[in-house]
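> First the structure, which I've put down as structure tokens, then a few questions once you've had a look.
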Amino acid sequence: MNVPSLIFPKKSLIQSLKVPHVNPYYLAAFILILAAAVLVALAVLTDRRDITTAAVVISALICLLTGIFLATLSRSEPMDLQYVSLLPVQGSINLSRICAELGIQGNARIIPKGKDGSSRTMQYLPVAEYDGSPLPAGIFVSGPEQAGVLLVPAGEALLRLIRERENLVIPQEKEAIQDLIREIGVDVLEVADRVVVEEEGEHVTVTMEGFRLIGGCTECARESPRCCTMVPCPVCSLFACVLAEGMGLVVEVERCTVHPAQGSVDAVFCIKP
């Protein structure tokens with residue numbers, strides 16, 4: 001008796017509905033090479049042997065060389081950024097929910113390494129406020145003066161990789177730190193078309209225009225704006241880590257505003273003395 005398999009279907013629903021995707025660069029290269037072949041065939045078949053034929057042959061050569069260069073130098077299409085932007089979202093939302101259930105109301109504070117003898121940069125989620133006093137080791141901080149959760153920032157792994165691959169050295173001058181944030185956002189991570197860093201008093205605002213991962217920001221903001229300030233995404237966390245380590249001060253993630261229509265995100269950090 002033959003029983004149809006429901007566990008291992010021959011073709012999944014996603015595969016059956018998916019439209020085959022062709023890399024546009026390779027497609028353009030193929031069309032150029034095909035046009036070159038057509039032009040050469042036209043010159044051979046007409047056999048006019050005049051200046052028009054020479055122009056046709058030269059055009060065929062240009063199409064052929066352009067097609068070869070386009071096929072050789074073009075890269076394959078990257079991953080769909082709509083999917084990529086959602087990868088860290090649920091983890092951030094879940095951790096924010098857990099912290100809220102524990103009674104934590106304060107925004108994330110990035111504590112730079114070296115402060116209070118810490119060996120690495122950490123993220124502290126206080127119940128209310130953080131007065132700057134030394135924190136005990138361990139995830140859960142509980143005491144008469146401070147209470148909260150002490151975690152590794154989401155951007156710490158990114159910062160470590162950039163240090164290894166780009167030989168990153170975080171400067172201590174404010175202007176140099178701002179230039180570094182712009183370079184990381186646009187040239188290194190390539191997550192934004194333009195990054196604007198503005199300082200006003202103790203606040204530093206980082207505006208990412210043309211932010212390619214805005215889908216994840218929109219999803220977090222839909223759940224609650226508090227998700228971005230309690231458990232910031234790896235990109236905003238990375239910028240906060242750079243600010244904290246460069247200035248040697250605690251940095252609070254104060255606000256994160258998403259503008260889906262403009263495709264931009266404003267992250268506001270507060271430098272704590």
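Just remember, in the structure tokens the first chain shown is A, the second B, etc., residues are 1-based per chain, and ligands are 1-based in the order shown.
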Please return as a PyMOL selection string: the residues of segment 140-238 of chain A that backbone DSSP assigns to strand (DSSP E or B).

chain A and resi 140-142+147-151+194-200+203-209

> Within 10 Å of segment 260-266 of chain A, counting only C-alpha atoms, which residues show up once you throw out same-chain ones fewer than 2 positions away? Write them as a ChimeraX atom specification, please.

/A:192-197,205-215,217-218,236,255-258,268-269

> Counting only C-alpha atoms, figure out which residue out of A:Leu159, A:Cys270, A:Ala244, A:Cys227 gets nearest to Val204 of chain A.

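Closest to Val204 of chain A of all the choices is A:Cys270.
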
> If you measure from atom CA of Cys220 of chain A to atom CA of Gln90 of chain A, what distance in Å do you get, rounded to one decimal?

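Interatomic distance, atom CA of Cys220 of chain A to atom CA of Gln90 of chain A: 8.2 Å.
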
> Need to verify the contact set: segment 93-96 of chain A, 7 Å, only C-alpha atoms, exclusion of same-chain residues closer than 2 positions in sequence. Can you return it as a ChimeraX atom specification?

/A:89-91,98-100,220,227,230-231

> Between A:Arg165, A:Ala71, A:Leu81, A:Ser119, which one has atoms that come closest to Pro24 of chain A, using only C-alpha atoms?

A:Ala71

> So which residues touch Ala36 of chain A within 12 Å, counting only C-alpha atoms, skipping near sequence neighbours fewer than 6 positions away, as a list of chain:residue names?

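Once the nearby chain positions are removed, what remains is A:Ala29, A:Phe30, A:Leu42, A:Ala43, A:Val56, A:Val57, A:Ile58, A:Ser59, A:Ala60, A:Leu61, A:Ile62, A:Cys63, A:Leu64, A:Leu65, A:Thr66, A:Gly67, A:Ile68.
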
> Would you export the selected residues with N, CA and C atoms as a short mmCIF file (atom, residue, chain, number, x, y, z; two decimals), in the first residue's frame, please?


data_model
loop_
_atom_site.label_atom_id
_atom_site.label_comp_id
_atom_site.auth_asym_id
_atom_site.auth_seq_id
_atom_site.Cartn_x
_atom_site.Cartn_y
_atom_site.Cartn_z
N ALA A 29 25.23 41.53 -18.79
CA ALA A 29 26.43 41.05 -19.48
C ALA A 29 26.07 40.07 -20.60
N PHE A 30 25.12 39.19 -20.32
CA PHE A 30 24.68 38.23 -21.34
C PHE A 30 24.06 38.94 -22.54
N LEU A 42 25.75 40.11 -38.41
CA LEU A 42 25.21 41.06 -39.38
C LEU A 42 26.29 41.54 -40.34
N ALA A 43 27.49 41.82 -39.79
CA ALA A 43 28.58 42.28 -40.64
C ALA A 43 29.03 41.19 -41.61
N VAL A 56 30.12 48.72 -37.36
CA VAL A 56 29.36 47.62 -36.73
C VAL A 56 30.29 46.68 -35.97
N VAL A 57 31.44 46.36 -36.57
CA VAL A 57 32.41 45.47 -35.92
C VAL A 57 32.98 46.11 -34.66
N ILE A 58 33.28 47.41 -34.73
CA ILE A 58 33.80 48.11 -33.54
C ILE A 58 32.75 48.13 -32.43
N SER A 59 31.49 48.37 -32.80
CA SER A 59 30.41 48.34 -31.80
C SER A 59 30.28 46.97 -31.17
N ALA A 60 30.44 45.91 -31.98
CA ALA A 60 30.38 44.55 -31.46
C ALA A 60 31.51 44.30 -30.47
N LEU A 61 32.71 44.81 -30.80
CA LEU A 61 33.86 44.63 -29.90
C LEU A 61 33.64 45.35 -28.58
N ILE A 62 33.07 46.57 -28.65
CA ILE A 62 32.79 47.32 -27.42
C ILE A 62 31.77 46.59 -26.56
N CYS A 63 30.71 46.07 -27.18
CA CYS A 63 29.70 45.31 -26.44
C CYS A 63 30.30 44.07 -25.79
N LEU A 64 31.16 43.38 -26.52
CA LEU A 64 31.78 42.17 -26.00
C LEU A 64 32.66 42.47 -24.80
N LEU A 65 33.53 43.49 -24.93
CA LEU A 65 34.43 43.83 -23.82
C LEU A 65 33.65 44.33 -22.60
N THR A 66 32.62 45.14 -22.85
CA THR A 66 31.81 45.64 -21.73
C THR A 66 31.10 44.49 -21.03
N GLY A 67 30.56 43.55 -21.79
CA GLY A 67 29.89 42.41 -21.20
C GLY A 67 30.83 41.54 -20.38
N ILE A 68 32.05 41.35 -20.89
CA ILE A 68 33.04 40.55 -20.15
C ILE A 68 33.41 41.22 -18.84
#

> If we count only C-alpha atoms and set the cut-off at 12 Å, which residues sit around Val169 of chain A, ignoring sequence neighbours fewer than 4 positions away in its own chain? Please answer as a list of chain:residue names.

A:Leu159, A:Arg160, A:Ile162, A:Arg163, A:Glu164, A:Arg165, A:Ala176, A:Ile177, A:Leu180, A:Val242, A:Glu245, A:Gly246

> Generate the output file for the selected residues, N, CA and C atoms, as a PDB file, in the first residue's frame.


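Result saved to part_26.pdb:
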ATOM      1  N   LEU A 159      32.016  45.343  17.290  1.00  0.00           N
ATOM      2  CA  LEU A 159      33.169  46.180  17.612  1.00  0.00           C
ATOM      3  C   LEU A 159      34.452  45.353  17.640  1.00  0.00           C
ATOM      4  N   ARG A 160      34.383  44.149  18.191  1.00  0.00           N
ATOM      5  CA  ARG A 160      35.568  43.286  18.240  1.00  0.00           C
ATOM      6  C   ARG A 160      36.011  42.886  16.839  1.00  0.00           C
ATOM      7  N   ILE A 162      35.444  44.541  13.996  1.00  0.00           N
ATOM      8  CA  ILE A 162      35.991  45.724  13.310  1.00  0.00           C
ATOM      9  C   ILE A 162      37.405  46.003  13.797  1.00  0.00           C
ATOM     10  N   ARG A 163      37.642  45.784  15.072  1.00  0.00           N
ATOM     11  CA  ARG A 163      39.001  45.964  15.594  1.00  0.00           C
ATOM     12  C   ARG A 163      39.974  44.998  14.908  1.00  0.00           C
ATOM     13  N   GLU A 164      39.551  43.761  14.744  1.00  0.00           N
ATOM     14  CA  GLU A 164      40.431  42.754  14.159  1.00  0.00           C
ATOM     15  C   GLU A 164      40.647  42.985  12.666  1.00  0.00           C
ATOM     16  N   ARG A 165      39.584  43.292  11.926  1.00  0.00           N
ATOM     17  CA  ARG A 165      39.675  43.399  10.465  1.00  0.00           C
ATOM     18  C   ARG A 165      40.170  44.753   9.992  1.00  0.00           C
ATOM     19  N   ALA A 176      36.949  63.492  16.362  1.00  0.00           N
ATOM     20  CA  ALA A 176      37.447  62.255  15.752  1.00  0.00           C
ATOM     21  C   ALA A 176      36.493  61.091  16.007  1.00  0.00           C
ATOM     22  N   ILE A 177      35.879  61.060  17.191  1.00  0.00           N
ATOM     23  CA  ILE A 177      34.910  60.004  17.496  1.00  0.00           C
ATOM     24  C   ILE A 177      33.694  60.121  16.583  1.00  0.00           C
ATOM     25  N   LEU A 180      34.558  58.893  13.211  1.00  0.00           N
ATOM     26  CA  LEU A 180      34.653  57.434  13.228  1.00  0.00           C
ATOM     27  C   LEU A 180      33.268  56.798  13.133  1.00  0.00           C
ATOM     28  N   VAL A 242      31.288  52.837  21.026  1.00  0.00           N
ATOM     29  CA  VAL A 242      32.358  53.703  20.518  1.00  0.00           C
ATOM     30  C   VAL A 242      32.401  55.005  21.307  1.00  0.00           C
ATOM     31  N   GLU A 245      33.717  54.170  25.003  1.00  0.00           N
ATOM     32  CA  GLU A 245      35.147  53.862  25.084  1.00  0.00           C
ATOM     33  C   GLU A 245      35.998  55.062  24.697  1.00  0.00           C
ATOM     34  N   GLY A 246      35.535  55.842  23.712  1.00  0.00           N
ATOM     35  CA  GLY A 246      36.309  57.006  23.300  1.00  0.00           C
ATOM     36  C   GLY A 246      36.365  58.071  24.376  1.00  0.00           C
TER      37      GLY A 246
END

> Between A:Leu243, A:Met122, A:Leu158, A:Val38, which is the closest to Glu199 of chain A once you count only C-alpha atoms?

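Ranked by minimum distance to Glu199 of chain A, first place goes to A:Leu243.
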
> Would you pick out the contacts of segment 249-253 of chain A at 6 Å or less, using only C-alpha atoms, so that residues sharing its chain but fewer than 3 positions from it are not included, and give the list as a ChimeraX atom specification?

/A:108-111,229,244,269-272

> I need the chosen residues saved as a PDB file, in the first residue's frame, with N, CA and C atoms.


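Okay, this is what ended up in part_34.pdb:
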ATOM      1  N   ALA A 108      19.192  51.729  28.865  1.00  0.00           N
ATOM      2  CA  ALA A 108      20.479  51.037  28.864  1.00  0.00           C
ATOM      3  C   ALA A 108      21.615  52.032  29.064  1.00  0.00           C
ATOM      4  N   ARG A 109      22.565  51.662  29.896  1.00  0.00           N
ATOM      5  CA  ARG A 109      23.787  52.441  30.106  1.00  0.00           C
ATOM      6  C   ARG A 109      24.971  51.612  29.643  1.00  0.00           C
ATOM      7  N   ILE A 110      25.779  52.166  28.773  1.00  0.00           N
ATOM      8  CA  ILE A 110      26.989  51.487  28.316  1.00  0.00           C
ATOM      9  C   ILE A 110      28.154  51.950  29.179  1.00  0.00           C
ATOM     10  N   ILE A 111      28.749  51.014  29.907  1.00  0.00           N
ATOM     11  CA  ILE A 111      29.851  51.314  30.816  1.00  0.00           C
ATOM     12  C   ILE A 111      31.145  50.891  30.143  1.00  0.00           C
ATOM     13  N   THR A 229      15.504  51.506  23.622  1.00  0.00           N
ATOM     14  CA  THR A 229      16.307  52.168  24.650  1.00  0.00           C
ATOM     15  C   THR A 229      16.761  51.202  25.734  1.00  0.00           C
ATOM     16  N   ALA A 244      31.276  55.508  24.391  1.00  0.00           N
ATOM     17  CA  ALA A 244      31.667  55.238  25.773  1.00  0.00           C
ATOM     18  C   ALA A 244      33.167  54.996  25.890  1.00  0.00           C
ATOM     19  N   PHE A 269      21.963  59.761  22.299  1.00  0.00           N
ATOM     20  CA  PHE A 269      22.752  59.237  23.411  1.00  0.00           C
ATOM     21  C   PHE A 269      23.057  60.365  24.385  1.00  0.00           C
ATOM     22  N   CYS A 270      23.037  60.051  25.659  1.00  0.00           N
ATOM     23  CA  CYS A 270      23.347  61.021  26.705  1.00  0.00           C
ATOM     24  C   CYS A 270      24.655  60.629  27.380  1.00  0.00           C
ATOM     25  N   ILE A 271      25.616  61.538  27.384  1.00  0.00           N
ATOM     26  CA  ILE A 271      26.919  61.278  28.010  1.00  0.00           C
ATOM     27  C   ILE A 271      26.836  61.618  29.482  1.00  0.00           C
ATOM     28  N   LYS A 272      27.037  60.628  30.326  1.00  0.00           N
ATOM     29  CA  LYS A 272      26.950  60.829  31.775  1.00  0.00           C
ATOM     30  C   LYS A 272      28.335  61.151  32.346  1.00  0.00           C
TER      31      LYS A 272
END

> As a ChimeraX atom specification, please: every residue in segment 38-175 of chain A that a backbone DSSP assignment puts in helix (DSSP H, G or I).

/A:38-46,51-73,81-84,89-101,115-117,156-166,174-175

> Between atom CA of Gln146 of chain A and atom CA of Pro126 of chain A, what is the distance, to one decimal in Å?

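Calculated distance between atom CA of Gln146 of chain A and atom CA of Pro126 of chain A is 7.4 Å.
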
> Could you please determine the separation between atom CA of Gln123 of chain A and atom CA of Cys241 of chain A in Å, to one decimal place?

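These atoms are spaced 9.1 Å apart.
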
> Of the residues A:Ile170, A:Ile51, A:Ile104, A:Ile181, which is the one nearest to Met247 of chain A, using only C-alpha atoms?

A:Ile170

> Do you know which residues are at most 7 Å from segment 151-153 of chain A counting only C-alpha atoms, after dropping those on the same chain fewer than 2 positions away, and could you put them as a compact mmCIF listing (two decimals) with N, CA and C atoms, in the first residue's frame?


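Okay, this is what ended up in out30.txt:
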# COMPACT_ATOMS: atom_id res chain seq x y z
N MET A 122 30.47 46.96 29.15
CA MET A 122 29.26 46.27 29.56
C MET A 122 28.05 47.18 29.39
N GLN A 123 26.87 46.56 29.39
CA GLN A 123 25.60 47.27 29.31
C GLN A 123 24.82 47.02 30.59
N TYR A 124 24.45 48.11 31.24
CA TYR A 124 23.74 47.99 32.52
C TYR A 124 22.31 48.51 32.36
N ILE A 139 25.30 38.77 36.54
CA ILE A 139 24.25 39.30 35.67
C ILE A 139 23.26 40.14 36.47
N VAL A 149 20.27 44.73 35.77
CA VAL A 149 20.83 43.60 35.03
C VAL A 149 22.06 44.09 34.27
N GLY A 155 26.30 45.23 20.49
CA GLY A 155 27.27 45.65 19.48
C GLY A 155 28.70 45.27 19.80
N GLU A 156 28.92 44.55 20.91
CA GLU A 156 30.29 44.22 21.31
C GLU A 156 30.98 43.31 20.31
N SER A 237 23.85 49.99 19.50
CA SER A 237 24.71 49.56 20.60
C SER A 237 26.18 49.76 20.26
